[in-house]
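Structure first, commentary second.
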Amino acid sequence: MVSNPTFPVIAIDGPTASGKGTVAQLVANHLGFHYLDSGALYRIVGLASLQNKIALDQGLALAEMTKSLRIEFKENNIYLDNQDITELIRTEEMGLRASAVGAVPEVRLALLSLQKSFLRAPGLVADGRDMATVIFPNAVLKVFLTASAKIRAERRFKQLKNKGISANIDILLSDLLARDERDTQRKDAPLLQAMDAHLLDTSEMDVEKAVQKVIFWYQKVSKEVGI
Ligand code: DC
């Protein structure tokens, strides 16, 4: 990990439904840092590609579309062209579509500068698949947050149930494994643990413990590098 960054970045990567979004957001709140949910950007591109009927093999058209999107994060809501799409992009269908557009190199390139622009004072917590490996390789702290596939499917099932959405746990598990497979096997910026990342397996850990652990690592490294 690199010392003396301009503004500190905590990069939290991991597979789908690992709980990294919740942990990242809570860590950001605790430290008063900005928060980047990079998965939301891929979900938005997925949604817009469906709305504009652009196929996955149309890399250049997808990139053009991506660059023209008017995306706004306001408090806890996300807007695309002034339309509140916060809930719309959270479906399983959009997760799978996001994974598919995420495998298109032109889309990844088109999202690069937008993601980097989230880094502002006093610091950033960024969650995704390639935060530590590609977008913020100089992050002061890198965490690879995971949990067993069975536990992740159960968590997703509970989340949906709490929202009043019925789901089949076996289908959730197979969708999740398919998404893991595509995210780890793609050529460009695949999901993988950075060499210098801490592994945090939350299979047997609640959210508070996971948040405490990340904050503990951050405090330790910030003393070491003098932030
Ligand atoms: O984090 P999430 O489940 O909302 O992400 C949805 C999909 O977006 C994920 O399966 C792959 C893609 N994604 C990506 O390719 N790179 C990222 N940094 C974040 C998400």
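Residue numbers start at 1 in each chain; chains themselves are named A, B, ... in the order of the structure tokens; ligands are numbered from 1 in the order shown.
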
Can you build me a table of chain A residues sitting at most 7 Å from ligand 1, with the closest atom pair per residue and its distance in Å to one decimal, using only C-alpha atoms and all ligand atoms, sorted by chain and residue number, as CSV?
```
residue,atom,partner,partner_atom_place_in_ligand_line,distance
A:Thr16,CA,ligand 1,3 (O),4.6
A:Ala17,CA,ligand 1,3 (O),6.4
A:Ser38,CA,ligand 1,19 (C),4.8
A:Gly39,CA,ligand 1,20 (C),3.5
A:Ala40,CA,ligand 1,4 (O),5.3
A:Tyr42,CA,ligand 1,8 (O),4.8
A:Arg43,CA,ligand 1,6 (C),5.9
A:Gly95,CA,ligand 1,6 (C),4.7
A:Leu96,CA,ligand 1,10 (O),6.3
A:Ala98,CA,ligand 1,8 (O),4.3
A:Ser99,CA,ligand 1,11 (C),3.8
A:Gly102,CA,ligand 1,15 (O),4.0
A:Ala103,CA,ligand 1,15 (O),6.5
A:Asp127,CA,ligand 1,18 (N),6.9
A:Gly128,CA,ligand 1,18 (N),3.7
A:Arg129,CA,ligand 1,18 (N),4.1
A:Asp130,CA,ligand 1,18 (N),4.9
A:Met131,CA,ligand 1,18 (N),6.1
A:Arg179,CA,ligand 1,10 (O),5.5
A:Asp180,CA,ligand 1,10 (O),7.0
A:Asp183,CA,ligand 1,11 (C),5.7
```

For those residues, write C-alpha atoms to a file as a CSV table (one decimal), in the first residue's frame.
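Okay, result30.csv is ready:
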```csv
chain,number,residue,atom,x,y,z
A,16,THR,CA,-22.3,-10.0,-5.1
A,17,ALA,CA,-24.4,-9.9,-1.9
A,38,SER,CA,-19.5,1.6,-8.3
A,39,GLY,CA,-22.0,-1.3,-8.8
A,40,ALA,CA,-24.8,1.3,-9.0
A,42,TYR,CA,-22.9,-0.5,-13.8
A,43,ARG,CA,-26.5,-1.1,-12.9
A,95,GLY,CA,-27.7,-7.0,-11.2
A,96,LEU,CA,-27.3,-9.6,-14.0
A,98,ALA,CA,-24.9,-4.8,-14.8
A,99,SER,CA,-22.6,-7.8,-14.7
A,102,GLY,CA,-19.4,-4.7,-16.9
A,103,ALA,CA,-17.8,-7.3,-19.1
A,127,ASP,CA,-17.0,-0.4,-3.2
A,128,GLY,CA,-17.0,-2.6,-6.2
A,129,ARG,CA,-15.0,-5.3,-8.0
A,130,ASP,CA,-11.9,-3.5,-9.2
A,131,MET,CA,-11.6,-0.6,-6.8
A,179,ARG,CA,-22.7,-13.5,-11.7
A,180,ASP,CA,-19.6,-14.5,-9.6
A,183,ASP,CA,-17.3,-11.2,-12.8
```

Quick one: residues within 12 Å of Val140 of chain A, only C-alpha atoms counted, chain neighbours fewer than 5 positions away excluded, as a VMD selection string? chain A and resid 1 to 12 123 to 126 131 to 132 196 to 198 214 217 to 227

Go ahead and save the residues from that selection, with N, CA, C and O atoms, as a short mmCIF file (atom, residue, chain, number, x, y, z; two decimals), in the first residue's frame.
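again_24.cif written:
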```cif
data_model
loop_
_atom_site.label_atom_id
_atom_site.label_comp_id
_atom_site.auth_asym_id
_atom_site.auth_seq_id
_atom_site.Cartn_x
_atom_site.Cartn_y
_atom_site.Cartn_z
N MET A 1 0.83 -1.20 0.00
CA MET A 1 0.00 0.00 0.00
C MET A 1 0.88 1.26 0.00
O MET A 1 1.96 1.26 0.56
N VAL A 2 0.40 2.31 -0.61
CA VAL A 2 1.23 3.49 -0.85
C VAL A 2 1.02 4.53 0.25
O VAL A 2 -0.09 4.70 0.75
N SER A 3 2.10 5.21 0.64
CA SER A 3 1.96 6.21 1.70
C SER A 3 1.65 7.59 1.12
O SER A 3 1.80 7.83 -0.08
N ASN A 4 1.26 8.50 2.01
CA ASN A 4 0.98 9.90 1.67
C ASN A 4 0.08 10.13 0.45
O ASN A 4 0.44 10.82 -0.49
N PRO A 5 -1.11 9.56 0.46
CA PRO A 5 -2.01 9.85 -0.66
C PRO A 5 -2.57 11.25 -0.49
O PRO A 5 -2.55 11.82 0.60
N THR A 6 -3.09 11.86 -1.57
CA THR A 6 -3.68 13.19 -1.47
C THR A 6 -4.85 13.14 -0.49
O THR A 6 -4.87 13.83 0.51
N PHE A 7 -5.83 12.35 -0.86
CA PHE A 7 -6.94 12.09 0.07
C PHE A 7 -7.01 10.57 0.22
O PHE A 7 -6.87 9.85 -0.77
N PRO A 8 -7.26 10.11 1.43
CA PRO A 8 -7.24 8.66 1.60
C PRO A 8 -8.44 7.95 0.95
O PRO A 8 -9.55 8.47 0.96
N VAL A 9 -8.16 6.79 0.39
CA VAL A 9 -9.21 5.94 -0.18
C VAL A 9 -9.21 4.61 0.54
O VAL A 9 -8.15 4.03 0.76
N ILE A 10 -10.41 4.16 0.89
CA ILE A 10 -10.57 2.79 1.38
C ILE A 10 -11.30 2.05 0.28
O ILE A 10 -12.43 2.42 -0.10
N ALA A 11 -10.66 1.05 -0.30
CA ALA A 11 -11.26 0.28 -1.39
C ALA A 11 -11.81 -1.03 -0.84
O ALA A 11 -11.08 -1.78 -0.19
N ILE A 12 -13.09 -1.26 -1.07
CA ILE A 12 -13.71 -2.50 -0.58
C ILE A 12 -14.30 -3.24 -1.78
O ILE A 12 -15.26 -2.79 -2.39
N GLY A 123 -11.96 12.28 2.07
CA GLY A 123 -11.57 10.92 1.71
C GLY A 123 -12.74 10.16 1.13
O GLY A 123 -13.85 10.70 1.04
N LEU A 124 -12.47 8.93 0.70
CA LEU A 124 -13.49 8.17 -0.01
C LEU A 124 -13.49 6.70 0.40
O LEU A 124 -12.42 6.11 0.58
N VAL A 125 -14.67 6.15 0.55
CA VAL A 125 -14.81 4.69 0.65
C VAL A 125 -15.46 4.25 -0.66
O VAL A 125 -16.53 4.75 -1.02
N ALA A 126 -14.79 3.37 -1.40
CA ALA A 126 -15.30 2.96 -2.71
C ALA A 126 -15.55 1.46 -2.71
O ALA A 126 -14.67 0.69 -2.31
N MET A 131 -12.01 -1.83 -7.39
CA MET A 131 -11.61 -0.56 -6.76
C MET A 131 -10.12 -0.60 -6.39
O MET A 131 -9.38 0.35 -6.64
N ALA A 132 -9.68 -1.71 -5.79
CA ALA A 132 -8.30 -1.80 -5.33
C ALA A 132 -7.32 -2.13 -6.45
O ALA A 132 -6.17 -1.73 -6.42
N ASP A 196 -2.33 -6.81 -1.98
CA ASP A 196 -2.14 -6.13 -0.70
C ASP A 196 -3.46 -5.85 0.03
O ASP A 196 -3.54 -4.95 0.85
N ALA A 197 -4.50 -6.64 -0.30
CA ALA A 197 -5.79 -6.43 0.38
C ALA A 197 -5.95 -7.36 1.58
O ALA A 197 -5.46 -8.49 1.58
N HIS A 198 -6.65 -6.85 2.60
CA HIS A 198 -7.01 -7.68 3.74
C HIS A 198 -8.23 -8.51 3.35
O HIS A 198 -9.19 -7.95 2.80
N VAL A 214 -12.89 -2.95 9.70
CA VAL A 214 -12.37 -2.06 8.65
C VAL A 214 -11.86 -0.76 9.27
O VAL A 214 -10.78 -0.27 8.93
N TRP A 217 -8.52 -1.38 10.93
CA TRP A 217 -7.43 -1.44 9.94
C TRP A 217 -7.10 -0.04 9.43
O TRP A 217 -5.94 0.29 9.23
N TYR A 218 -8.15 0.77 9.22
CA TYR A 218 -7.91 2.12 8.69
C TYR A 218 -7.14 2.96 9.72
O TYR A 218 -6.18 3.67 9.37
N GLN A 219 -7.55 2.87 11.00
CA GLN A 219 -6.85 3.67 12.02
C GLN A 219 -5.39 3.25 12.12
O GLN A 219 -4.50 4.08 12.27
N LYS A 220 -5.16 1.96 12.00
CA LYS A 220 -3.80 1.44 12.09
C LYS A 220 -2.96 1.99 10.93
O LYS A 220 -1.87 2.53 11.14
N VAL A 221 -3.47 1.86 9.72
CA VAL A 221 -2.69 2.29 8.56
C VAL A 221 -2.54 3.81 8.54
O VAL A 221 -1.49 4.33 8.13
N SER A 222 -3.57 4.54 9.01
CA SER A 222 -3.43 6.01 8.96
C SER A 222 -2.36 6.49 9.93
O SER A 222 -1.67 7.46 9.65
N LYS A 223 -2.20 5.75 11.05
CA LYS A 223 -1.09 6.11 11.96
C LYS A 223 0.25 5.82 11.27
O LYS A 223 1.17 6.63 11.32
N GLU A 224 0.32 4.67 10.62
CA GLU A 224 1.58 4.27 9.96
C GLU A 224 2.01 5.26 8.88
O GLU A 224 3.18 5.58 8.77
N VAL A 225 1.01 5.74 8.09
CA VAL A 225 1.40 6.64 6.97
C VAL A 225 1.25 8.11 7.35
O VAL A 225 1.53 8.99 6.55
N GLY A 226 0.77 8.36 8.58
CA GLY A 226 0.69 9.74 9.07
C GLY A 226 -0.40 10.58 8.45
O GLY A 226 -0.19 11.73 8.09
N ILE A 227 -1.62 9.99 8.31
CA ILE A 227 -2.75 10.78 7.79
C ILE A 227 -3.38 11.56 8.93
O ILE A 227 -3.69 11.00 9.97
#
```

Separation of atom CA of Val101 of chain A from atom CA of Ala189 of chain A, in Å and rounded to one decimal: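 Separation between atom CA of Val101 of chain A and atom CA of Ala189 of chain A: 12.7 Å.
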
Show which residues sit within 9 Å of Ala149 of chain A, as a list of chain:residue names. Count only C-alpha atoms, and ignore same-chain residues fewer than 5 positions away. A:Ala17, A:Ser18, A:Glu154, A:Leu173, A:Leu176, A:Leu177

Run DSSP on the backbone and grab whatever in segment 19-222 of chain A lands in helix (DSSP H, G or I); send it over as a PyMOL selection string. chain A and resi 20-31+38-51+59-68+88-90+92-102+105-110+112-116+131-135+149-162+169-185+207-222

Give the answer as one residue: which of A:Tyr79, A:Tyr35, A:Phe73, A:Phe157 has the shortest atom-to-atom distance to Leu119 of chain A, using only C-alpha atoms? A:Tyr35

May I have the residues within 10 Å of segment 105-111 of chain A as a list in words, using only C-alpha atoms and disregarding those fewer than 3 positions away in the same chain?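 The filter keeps Ser38, Leu41, Tyr42, Val45, Gln58, Gly59, Leu60, Ala61, Leu62, Ala63, Glu64, Met65, Thr66, Lys67, Ser68, Val101, Gly102, Leu114, Gln115, Lys116, Ile135, Arg186, Lys187, Asp188 and Ala189 of chain A.
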
What gap, in Å, lies between atom CA of Leu31 of chain A and atom CA of Thr133 of chain A?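 Atom CA of Thr133 of chain A lies 22.8 Å from atom CA of Leu31 of chain A.
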
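Going from atom CA of Lys213 of chain A over to atom CA of Asp201 of chain A, you cover 11.0 Å.
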
Need to verify the contact set: Val211 of chain A, 9 Å, only C-alpha atoms, exclusion of same-chain residues closer than 5 positions in sequence. Can you return it as a list in words?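 The contact residues come out as Thr22, Val23, Ala24, Leu26, Val27, Asp206 and Phe216 of chain A.
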
Atoms to include: all heavy atoms. Write the selected residues as a PDB file, in the first residue's frame.
```
ATOM      1  N   THR A  22     -23.195  -2.278   2.359  1.00  0.00           N
ATOM      2  CA  THR A  22     -23.632  -1.842   3.692  1.00  0.00           C
ATOM      3  C   THR A  22     -22.419  -1.468   4.540  1.00  0.00           C
ATOM      4  O   THR A  22     -22.394  -0.414   5.184  1.00  0.00           O
ATOM      5  CB  THR A  22     -24.406  -2.987   4.396  1.00  0.00           C
ATOM      6  OG1 THR A  22     -25.354  -3.500   3.489  1.00  0.00           O
ATOM      7  CG2 THR A  22     -25.070  -2.539   5.668  1.00  0.00           C
ATOM      8  N   VAL A  23     -21.409  -2.325   4.520  1.00  0.00           N
ATOM      9  CA  VAL A  23     -20.205  -2.068   5.325  1.00  0.00           C
ATOM     10  C   VAL A  23     -19.524  -0.785   4.844  1.00  0.00           C
ATOM     11  O   VAL A  23     -19.179   0.093   5.647  1.00  0.00           O
ATOM     12  CB  VAL A  23     -19.231  -3.277   5.258  1.00  0.00           C
ATOM     13  CG1 VAL A  23     -17.895  -2.945   5.903  1.00  0.00           C
ATOM     14  CG2 VAL A  23     -19.853  -4.503   5.924  1.00  0.00           C
ATOM     15  N   ALA A  24     -19.381  -0.639   3.520  1.00  0.00           N
ATOM     16  CA  ALA A  24     -18.690   0.531   2.969  1.00  0.00           C
ATOM     17  C   ALA A  24     -19.422   1.817   3.362  1.00  0.00           C
ATOM     18  O   ALA A  24     -18.792   2.801   3.774  1.00  0.00           O
ATOM     19  CB  ALA A  24     -18.603   0.415   1.447  1.00  0.00           C
ATOM     20  N   LEU A  26     -21.419   2.359   5.921  1.00  0.00           N
ATOM     21  CA  LEU A  26     -21.303   2.632   7.360  1.00  0.00           C
ATOM     22  C   LEU A  26     -19.905   3.139   7.723  1.00  0.00           C
ATOM     23  O   LEU A  26     -19.761   4.039   8.554  1.00  0.00           O
ATOM     24  CB  LEU A  26     -21.661   1.383   8.176  1.00  0.00           C
ATOM     25  CG  LEU A  26     -23.158   1.026   8.167  1.00  0.00           C
ATOM     26  CD1 LEU A  26     -23.393  -0.366   8.743  1.00  0.00           C
ATOM     27  CD2 LEU A  26     -23.969   2.057   8.956  1.00  0.00           C
ATOM     28  N   VAL A  27     -18.888   2.585   7.079  1.00  0.00           N
ATOM     29  CA  VAL A  27     -17.518   3.053   7.337  1.00  0.00           C
ATOM     30  C   VAL A  27     -17.391   4.509   6.871  1.00  0.00           C
ATOM     31  O   VAL A  27     -16.834   5.357   7.575  1.00  0.00           O
ATOM     32  CB  VAL A  27     -16.470   2.148   6.628  1.00  0.00           C
ATOM     33  CG1 VAL A  27     -15.080   2.761   6.698  1.00  0.00           C
ATOM     34  CG2 VAL A  27     -16.470   0.752   7.231  1.00  0.00           C
ATOM     35  N   ASP A 206     -21.336 -10.381  11.998  1.00  0.00           N
ATOM     36  CA  ASP A 206     -22.422  -9.443  11.680  1.00  0.00           C
ATOM     37  C   ASP A 206     -21.833  -8.128  11.132  1.00  0.00           C
ATOM     38  O   ASP A 206     -20.608  -7.927  11.141  1.00  0.00           O
ATOM     39  CB  ASP A 206     -23.355  -9.216  12.879  1.00  0.00           C
ATOM     40  CG  ASP A 206     -22.640  -8.619  14.071  1.00  0.00           C
ATOM     41  OD1 ASP A 206     -21.547  -8.059  13.883  1.00  0.00           O
ATOM     42  OD2 ASP A 206     -23.170  -8.689  15.193  1.00  0.00           O
ATOM     43  N   PHE A 216     -10.783  -0.349  12.300  1.00  0.00           N
ATOM     44  CA  PHE A 216      -9.551  -0.682  13.025  1.00  0.00           C
ATOM     45  C   PHE A 216      -8.354  -0.707  12.069  1.00  0.00           C
ATOM     46  O   PHE A 216      -7.311  -0.100  12.341  1.00  0.00           O
ATOM     47  CB  PHE A 216      -9.717  -2.041  13.726  1.00  0.00           C
ATOM     48  CG  PHE A 216      -8.434  -2.610  14.262  1.00  0.00           C
ATOM     49  CD1 PHE A 216      -7.887  -2.119  15.441  1.00  0.00           C
ATOM     50  CD2 PHE A 216      -7.759  -3.608  13.573  1.00  0.00           C
ATOM     51  CE1 PHE A 216      -6.681  -2.630  15.928  1.00  0.00           C
ATOM     52  CE2 PHE A 216      -6.556  -4.115  14.049  1.00  0.00           C
ATOM     53  CZ  PHE A 216      -6.018  -3.631  15.225  1.00  0.00           C
TER      54      PHE A 216
END
```

Which of A:Pro15, A:Asp175, A:Arg120, A:Glu87 sits closest to His34 of chain A [using only C-alpha atoms]: A:Arg120

Nearest to Asp37 of chain A, restricted to only C-alpha atoms and choosing among A:Ala55, A:Asn77, A:Pro122, A:Gln212, comes out as A:Asn77

Non-local contacts of Ile78 of chain A (12 Å; only C-alpha atoms; under 3 positions in same chain excluded) as an MDAnalysis selection string: chainID A and resid 36:37 40:41 43:44 70:75 81:90

Written file, previous selection with N, CA and C atoms, as a PDB file, in the first residue's frame:
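again_3.pdb, freshly written:
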```pdb
ATOM      1  N   LEU A  36     -18.524   5.831  -2.791  1.00  0.00           N
ATOM      2  CA  LEU A  36     -18.783   5.463  -4.192  1.00  0.00           C
ATOM      3  C   LEU A  36     -19.312   4.035  -4.254  1.00  0.00           C
ATOM      4  N   ASP A  37     -20.539   3.907  -4.748  1.00  0.00           N
ATOM      5  CA  ASP A  37     -21.137   2.594  -5.000  1.00  0.00           C
ATOM      6  C   ASP A  37     -20.960   2.347  -6.502  1.00  0.00           C
ATOM      7  N   ALA A  40     -23.594   0.533  -8.579  1.00  0.00           N
ATOM      8  CA  ALA A  40     -24.782   1.298  -8.994  1.00  0.00           C
ATOM      9  C   ALA A  40     -24.553   1.881 -10.388  1.00  0.00           C
ATOM     10  N   LEU A  41     -23.316   2.309 -10.674  1.00  0.00           N
ATOM     11  CA  LEU A  41     -23.034   2.881 -11.996  1.00  0.00           C
ATOM     12  C   LEU A  41     -23.214   1.825 -13.082  1.00  0.00           C
ATOM     13  N   ARG A  43     -25.096  -0.797 -12.830  1.00  0.00           N
ATOM     14  CA  ARG A  43     -26.536  -1.091 -12.890  1.00  0.00           C
ATOM     15  C   ARG A  43     -27.257  -0.042 -13.748  1.00  0.00           C
ATOM     16  N   ILE A  44     -26.846   1.236 -13.582  1.00  0.00           N
ATOM     17  CA  ILE A  44     -27.471   2.313 -14.354  1.00  0.00           C
ATOM     18  C   ILE A  44     -27.183   2.116 -15.853  1.00  0.00           C
ATOM     19  N   ARG A  70     -26.852  11.316 -17.519  1.00  0.00           N
ATOM     20  CA  ARG A  70     -26.837  12.348 -16.472  1.00  0.00           C
ATOM     21  C   ARG A  70     -27.210  11.680 -15.154  1.00  0.00           C
ATOM     22  N   ILE A  71     -26.173  11.313 -14.415  1.00  0.00           N
ATOM     23  CA  ILE A  71     -26.372  10.554 -13.177  1.00  0.00           C
ATOM     24  C   ILE A  71     -26.153  11.481 -11.988  1.00  0.00           C
ATOM     25  N   GLU A  72     -27.053  11.424 -11.021  1.00  0.00           N
ATOM     26  CA  GLU A  72     -26.879  12.232  -9.802  1.00  0.00           C
ATOM     27  C   GLU A  72     -27.122  11.367  -8.578  1.00  0.00           C
ATOM     28  N   PHE A  73     -26.234  11.498  -7.608  1.00  0.00           N
ATOM     29  CA  PHE A  73     -26.435  10.840  -6.311  1.00  0.00           C
ATOM     30  C   PHE A  73     -26.838  11.948  -5.341  1.00  0.00           C
ATOM     31  N   LYS A  74     -28.086  11.893  -4.844  1.00  0.00           N
ATOM     32  CA  LYS A  74     -28.518  12.921  -3.890  1.00  0.00           C
ATOM     33  C   LYS A  74     -29.009  12.230  -2.638  1.00  0.00           C
ATOM     34  N   GLU A  75     -28.351  12.548  -1.509  1.00  0.00           N
ATOM     35  CA  GLU A  75     -28.625  11.845  -0.252  1.00  0.00           C
ATOM     36  C   GLU A  75     -28.638  10.348  -0.514  1.00  0.00           C
ATOM     37  N   ASP A  81     -31.214  11.184 -15.491  1.00  0.00           N
ATOM     38  CA  ASP A  81     -32.017  12.189 -16.212  1.00  0.00           C
ATOM     39  C   ASP A  81     -33.197  12.666 -15.356  1.00  0.00           C
ATOM     40  N   ASN A  82     -32.895  12.998 -14.115  1.00  0.00           N
ATOM     41  CA  ASN A  82     -33.887  13.523 -13.158  1.00  0.00           C
ATOM     42  C   ASN A  82     -34.946  12.515 -12.722  1.00  0.00           C
ATOM     43  N   GLN A  83     -34.822  11.263 -13.172  1.00  0.00           N
ATOM     44  CA  GLN A  83     -35.799  10.249 -12.769  1.00  0.00           C
ATOM     45  C   GLN A  83     -35.197   9.434 -11.610  1.00  0.00           C
ATOM     46  N   ASP A  84     -35.959   9.264 -10.539  1.00  0.00           N
ATOM     47  CA  ASP A  84     -35.461   8.499  -9.389  1.00  0.00           C
ATOM     48  C   ASP A  84     -35.465   7.010  -9.742  1.00  0.00           C
ATOM     49  N   ILE A  85     -34.251   6.426  -9.839  1.00  0.00           N
ATOM     50  CA  ILE A  85     -34.146   5.022 -10.267  1.00  0.00           C
ATOM     51  C   ILE A  85     -33.563   4.151  -9.150  1.00  0.00           C
ATOM     52  N   THR A  86     -33.587   4.694  -7.926  1.00  0.00           N
ATOM     53  CA  THR A  86     -32.961   4.015  -6.788  1.00  0.00           C
ATOM     54  C   THR A  86     -33.417   2.562  -6.666  1.00  0.00           C
ATOM     55  N   GLU A  87     -34.713   2.339  -6.714  1.00  0.00           N
ATOM     56  CA  GLU A  87     -35.244   0.977  -6.533  1.00  0.00           C
ATOM     57  C   GLU A  87     -35.146   0.163  -7.817  1.00  0.00           C
ATOM     58  N   LEU A  88     -35.373   0.869  -8.937  1.00  0.00           N
ATOM     59  CA  LEU A  88     -35.402   0.205 -10.247  1.00  0.00           C
ATOM     60  C   LEU A  88     -34.117  -0.576 -10.541  1.00  0.00           C
ATOM     61  N   ILE A  89     -32.977  -0.035 -10.087  1.00  0.00           N
ATOM     62  CA  ILE A  89     -31.706  -0.702 -10.425  1.00  0.00           C
ATOM     63  C   ILE A  89     -31.330  -1.797  -9.426  1.00  0.00           C
ATOM     64  N   ARG A  90     -32.138  -1.985  -8.383  1.00  0.00           N
ATOM     65  CA  ARG A  90     -31.768  -2.960  -7.343  1.00  0.00           C
ATOM     66  C   ARG A  90     -32.288  -4.366  -7.602  1.00  0.00           C
TER      67      ARG A  90
END
```
